[in-house]
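Trainee: Let me give you the structure first, and then I'll get to my questions.
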Amino acid sequence: MSFVEMNMFAPRIWGFDSADTEMRAARQAGWARADLVWERLTEAGCAAHMAGDRQAAQRLLRRAGWMARLFFGAQDLRRATSLANLAILARDDGQGARAETLQKRALSRWMRSDEAVGDLVFRPRSRSSLFHLRMEALHRETFHDNMRKRYRAIAAETGQAMRQLLTEGRPERPICARWRGEKPPVFDDGRKFLAAALLIAEG
């Protein structure tokens, strides 16, 4: 992503555009502006990294890391994600010792992911029909249990990938490649968790 493209992309990332319907929806759902800005910065940074644009990836992921430190609590899993991404940038720059330190910090924070899944509150996902919405409402506990089981499996996969990165290994399939397909259509805790689990710039 070039400098010109970045300037064109900035309003959508930062949400200053009054026509930004996604930001309005996120704010109405209770998200802070920083929640969606971090997601956008990290998503764009992962895309730049996968495309081989290391300069754009560094700019975007470092900004996301700054936001995570400034706006998210110490136990927020998105801070682990940003640490992992900063570790990948350090490794790309040949800073092996710094990369290892950052990755260990990321993995240490990610160790509470199983506990975090238990605290998630999910919003209804179904959009295809009124029938599916009613079924989801009638079987809410089962829906939540199934979601937590699935998210715990994703959390375990992310933890394994983080451990693999400590040995400078690379996952067979980039972690962030799953984000587009897994990205929830609603703004809830589950979306924040999935962003933390999947937006790792490895590829």
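So you can find residues: chains in the structure tokens are A, B, ... in the order shown, residues in each start at 1, and ligands are numbered from 1 in order.
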With the cut-off set at 10 Å and counting only C-alpha atoms, tabulate each residue of stretch 53-91 of chain A with an atom at most that distance from an atom of stretch 149-164 of chain A, showing the nearest atom pair and its distance in Å to one decimal, ordered by chain and increasing number, as CSV.
Mentor:
residue,atom,partner,partner_atom,distance
A:Ala80,CA,A:Met162,CA,9.9
A:Thr81,CA,A:Met162,CA,9.5
A:Ala84,CA,A:Met162,CA,7.4
Trainee: For atom CA of A:Asn85 and atom CA of A:Ala195, determine how far apart the two atoms are, in Å to one decimal place.
Mentor: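 We find that atom CA of A:Asn85 and atom CA of A:Ala195 lie 12.6 Å from each other.
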